[in-house]
Amino acid sequence: MADLNRARHKEIGGVLFGEQIAEGDFRIVETTRQRFFGGTATTFKRRGGMARKEILALHEKFGGDPNRFNYLGEWHSHPNAPARPSFQDETTMHNLLADQSGVVNFLVLIIVKLDEQAQLHIGARTYLASGHNLDCKIEIEAAKINAANEVTIDKEEK
Ligand SMILES: [Zn+2]
């Protein structure tokens, strides 16, 4: 939330690294964040070379156990749009999936937005190699999410 605040109206984002805790159930163990000046008010320019380096470093950090810990997908902010993937985002995710040349059969995209009331909104969608998309159920440990996808962090458990 502090990063989103600092980036103001520019999009920021990075890669997601996840742990599979059950079939179809993943915990995000780490996210990276690309530099603020890379984004404009409406587009987040993913740096492919940097993302690849980050993913390799995370594989090393989590002990090279790709069945349990692996690249899960991407995240970015939508300071000027709802926390839902745009048409361009959908295209980018399908292209990224194609670039994985069959190594992964799905990728997740998380969109975050901090609104004028400093309320955090989160949307997440899974892109399957088959070309289908699925909305994800999001759980935030020690936080509550209401029907409008607004997140309240429980202060006592923070
Ligand atoms: Zn987007």
# chains A, B, ... in the order shown; residues from 1 in each chain; ligands from 1
>>> residues_near_ligand(ligand="ligand 1", cutoff="10 Å", atoms="only C-alpha atoms and all ligand atoms", output="tab-separated table (two decimals) with N, CA and C atoms, in the first residue's frame")
chain	number	residue	atom	x	y	z
A	11	GLU	N	1.34	3.35	-13.03
A	11	GLU	CA	1.20	1.91	-12.77
A	11	GLU	C	2.54	1.32	-12.35
A	12	ILE	N	2.49	0.43	-11.38
A	12	ILE	CA	3.68	-0.33	-10.97
A	12	ILE	C	3.30	-1.81	-10.97
A	13	GLY	N	4.31	-2.67	-10.96
A	13	GLY	CA	3.98	-4.09	-10.96
A	13	GLY	C	5.22	-4.95	-10.91
A	42	THR	N	-1.40	4.97	-17.85
A	42	THR	CA	-2.35	3.94	-18.33
A	42	THR	C	-1.70	2.61	-18.70
A	43	THR	N	-0.39	2.56	-18.81
A	43	THR	CA	0.20	1.28	-19.21
A	43	THR	C	1.38	0.93	-18.32
A	44	PHE	N	1.43	-0.31	-17.96
A	44	PHE	CA	2.59	-0.80	-17.24
A	44	PHE	C	3.44	-1.56	-18.24
A	45	LYS	N	4.67	-1.09	-18.44
A	45	LYS	CA	5.56	-1.75	-19.39
A	45	LYS	C	6.39	-2.78	-18.65
A	75	TRP	N	1.68	-9.16	-11.35
A	75	TRP	CA	0.75	-8.24	-10.71
A	75	TRP	C	1.06	-6.83	-11.22
A	76	HIS	N	0.07	-5.97	-11.24
A	76	HIS	CA	0.31	-4.54	-11.45
A	76	HIS	C	-0.87	-3.75	-10.91
A	77	SER	N	-0.64	-2.45	-10.83
A	77	SER	CA	-1.66	-1.57	-10.26
A	77	SER	C	-2.47	-0.91	-11.38
A	78	HIS	N	-3.69	-0.54	-11.06
A	78	HIS	CA	-4.56	0.23	-11.95
A	78	HIS	C	-4.99	1.49	-11.21
A	79	PRO	N	-4.08	2.48	-11.11
A	79	PRO	CA	-4.46	3.67	-10.35
A	79	PRO	C	-5.64	4.42	-10.99
A	80	ASN	N	-5.82	4.27	-12.31
A	80	ASN	CA	-6.84	5.07	-13.01
A	80	ASN	C	-7.95	4.22	-13.61
A	81	ALA	N	-8.03	2.96	-13.20
A	81	ALA	CA	-9.06	2.08	-13.75
A	81	ALA	C	-9.44	1.08	-12.67
A	82	PRO	N	-10.59	0.41	-12.83
A	82	PRO	CA	-10.98	-0.59	-11.82
A	82	PRO	C	-9.96	-1.72	-11.71
A	83	ALA	N	-9.98	-2.41	-10.57
A	83	ALA	CA	-9.03	-3.50	-10.31
A	83	ALA	C	-9.45	-4.76	-11.05
A	84	ARG	N	-9.55	-4.65	-12.37
A	84	ARG	CA	-9.90	-5.78	-13.24
A	84	ARG	C	-8.96	-5.75	-14.43
A	85	PRO	N	-8.60	-6.92	-14.98
A	85	PRO	CA	-7.71	-6.92	-16.14
A	85	PRO	C	-8.35	-6.17	-17.32
A	86	SER	N	-7.54	-5.36	-18.02
A	86	SER	CA	-8.02	-4.67	-19.21
A	86	SER	C	-7.92	-5.63	-20.40
A	87	PHE	N	-8.45	-5.21	-21.53
A	87	PHE	CA	-8.35	-6.02	-22.74
A	87	PHE	C	-6.88	-6.26	-23.07
A	88	GLN	N	-6.06	-5.19	-22.95
A	88	GLN	CA	-4.62	-5.30	-23.22
A	88	GLN	C	-3.97	-6.30	-22.25
A	89	ASP	N	-4.39	-6.26	-20.98
A	89	ASP	CA	-3.85	-7.19	-19.98
A	89	ASP	C	-4.12	-8.65	-20.38
A	90	GLU	N	-5.34	-8.89	-20.89
A	90	GLU	CA	-5.70	-10.26	-21.28
A	90	GLU	C	-4.78	-10.75	-22.40
A	92	THR	N	-1.74	-9.57	-23.09
A	92	THR	CA	-0.39	-9.73	-22.54
A	92	THR	C	-0.25	-11.06	-21.82
A	109	LEU	N	-2.93	-13.32	-12.92
A	109	LEU	CA	-2.71	-11.87	-12.96
A	109	LEU	C	-3.48	-11.25	-11.80
A	110	ILE	N	-2.77	-10.50	-10.97
A	110	ILE	CA	-3.41	-9.77	-9.88
A	110	ILE	C	-3.36	-8.28	-10.18
A	111	ILE	N	-4.50	-7.61	-10.06
A	111	ILE	CA	-4.57	-6.16	-10.25
A	111	ILE	C	-4.92	-5.53	-8.90
A	112	VAL	N	-4.16	-4.53	-8.52
A	112	VAL	CA	-4.44	-3.84	-7.26
A	112	VAL	C	-4.71	-2.37	-7.52
>>> residues_around(residues="Gln119 of chain A", least_positions_apart="3", cutoff="9 Å", atoms="only C-alpha atoms", output="ChimeraX atom specification")
/A:113-116,150-152
>>> select_by_dssp(residues="segment 104-155 of chain A", states="strand (DSSP E)", output="ChimeraX atom specification")
/A:106-114,120-128,133-135,143-145,150-153
>>> write_last_selection(atoms="N, CA and C atoms", output="short mmCIF file (atom, residue, chain, number, x, y, z; two decimals), in the first residue's frame")
data_model
loop_
_atom_site.label_atom_id
_atom_site.label_comp_id
_atom_site.auth_asym_id
_atom_site.auth_seq_id
_atom_site.Cartn_x
_atom_site.Cartn_y
_atom_site.Cartn_z
N PHE A 106 -0.69 -22.49 -16.72
CA PHE A 106 -1.55 -21.36 -16.33
C PHE A 106 -0.69 -20.25 -15.75
N LEU A 107 -1.23 -19.04 -15.75
CA LEU A 107 -0.58 -17.91 -15.08
C LEU A 107 -1.68 -17.08 -14.42
N VAL A 108 -1.34 -16.45 -13.31
CA VAL A 108 -2.28 -15.62 -12.57
C VAL A 108 -1.92 -14.14 -12.79
N LEU A 109 -2.93 -13.32 -12.92
CA LEU A 109 -2.71 -11.87 -12.96
C LEU A 109 -3.48 -11.25 -11.80
N ILE A 110 -2.77 -10.50 -10.97
CA ILE A 110 -3.41 -9.77 -9.88
C ILE A 110 -3.36 -8.28 -10.18
N ILE A 111 -4.50 -7.61 -10.06
CA ILE A 111 -4.57 -6.16 -10.25
C ILE A 111 -4.92 -5.53 -8.90
N VAL A 112 -4.16 -4.53 -8.52
CA VAL A 112 -4.44 -3.84 -7.26
C VAL A 112 -4.71 -2.37 -7.52
N LYS A 113 -5.52 -1.80 -6.67
CA LYS A 113 -5.86 -0.38 -6.80
C LYS A 113 -6.08 0.22 -5.42
N LEU A 114 -5.46 1.36 -5.19
CA LEU A 114 -5.68 2.11 -3.96
C LEU A 114 -6.60 3.27 -4.33
N LEU A 120 -7.84 -0.46 -0.35
CA LEU A 120 -7.19 -1.32 -1.34
C LEU A 120 -8.21 -2.24 -2.02
N HIS A 121 -8.17 -2.28 -3.35
CA HIS A 121 -9.01 -3.19 -4.13
C HIS A 121 -8.10 -4.20 -4.82
N ILE A 122 -8.55 -5.46 -4.87
CA ILE A 122 -7.75 -6.51 -5.50
C ILE A 122 -8.63 -7.35 -6.42
N GLY A 123 -8.13 -7.60 -7.61
CA GLY A 123 -8.79 -8.53 -8.53
C GLY A 123 -7.76 -9.54 -9.00
N ALA A 124 -8.17 -10.78 -9.23
CA ALA A 124 -7.21 -11.79 -9.68
C ALA A 124 -7.88 -12.72 -10.67
N ARG A 125 -7.18 -13.03 -11.76
CA ARG A 125 -7.71 -13.93 -12.77
C ARG A 125 -6.62 -14.90 -13.19
N THR A 126 -7.03 -16.13 -13.47
CA THR A 126 -6.11 -17.16 -13.94
C THR A 126 -6.31 -17.36 -15.44
N TYR A 127 -5.19 -17.40 -16.16
CA TYR A 127 -5.20 -17.62 -17.61
C TYR A 127 -4.68 -19.01 -17.88
N LEU A 128 -5.49 -19.81 -18.56
CA LEU A 128 -5.12 -21.19 -18.84
C LEU A 128 -4.57 -21.31 -20.26
N ASN A 133 -10.20 -18.34 -19.16
CA ASN A 133 -9.84 -17.54 -17.99
C ASN A 133 -10.75 -17.93 -16.83
N LEU A 134 -10.21 -17.85 -15.63
CA LEU A 134 -11.01 -18.12 -14.43
C LEU A 134 -10.76 -17.01 -13.42
N ASP A 135 -11.83 -16.49 -12.79
CA ASP A 135 -11.61 -15.55 -11.69
C ASP A 135 -11.13 -16.32 -10.49
N ALA A 143 -6.82 -10.48 7.11
CA ALA A 143 -7.51 -9.33 6.51
C ALA A 143 -8.93 -9.74 6.12
N LYS A 144 -9.77 -8.75 5.95
CA LYS A 144 -11.14 -9.01 5.52
C LYS A 144 -11.37 -8.36 4.15
N ILE A 145 -12.11 -9.04 3.29
CA ILE A 145 -12.43 -8.50 1.97
C ILE A 145 -13.94 -8.46 1.86
N GLU A 150 -12.90 -4.66 -1.41
CA GLU A 150 -12.13 -3.72 -0.60
C GLU A 150 -11.53 -4.50 0.55
N VAL A 151 -10.28 -4.23 0.85
CA VAL A 151 -9.54 -5.01 1.83
C VAL A 151 -9.31 -4.21 3.10
N THR A 152 -9.59 -4.82 4.23
CA THR A 152 -9.29 -4.20 5.51
C THR A 152 -8.33 -5.12 6.26
N ILE A 153 -7.14 -4.62 6.55
CA ILE A 153 -6.17 -5.43 7.28
C ILE A 153 -6.52 -5.36 8.76
#
>>> closest_residue(among="A:Glu139, A:Glu19, A:Glu74, A:Glu30", to="Ala51 of chain A", atoms="only C-alpha atoms")
A:Glu74
>>> atom_distance(atom1="atom CA of Ala22 of chain A", atom2="atom CA of Met93 of chain A")
23.6 Å
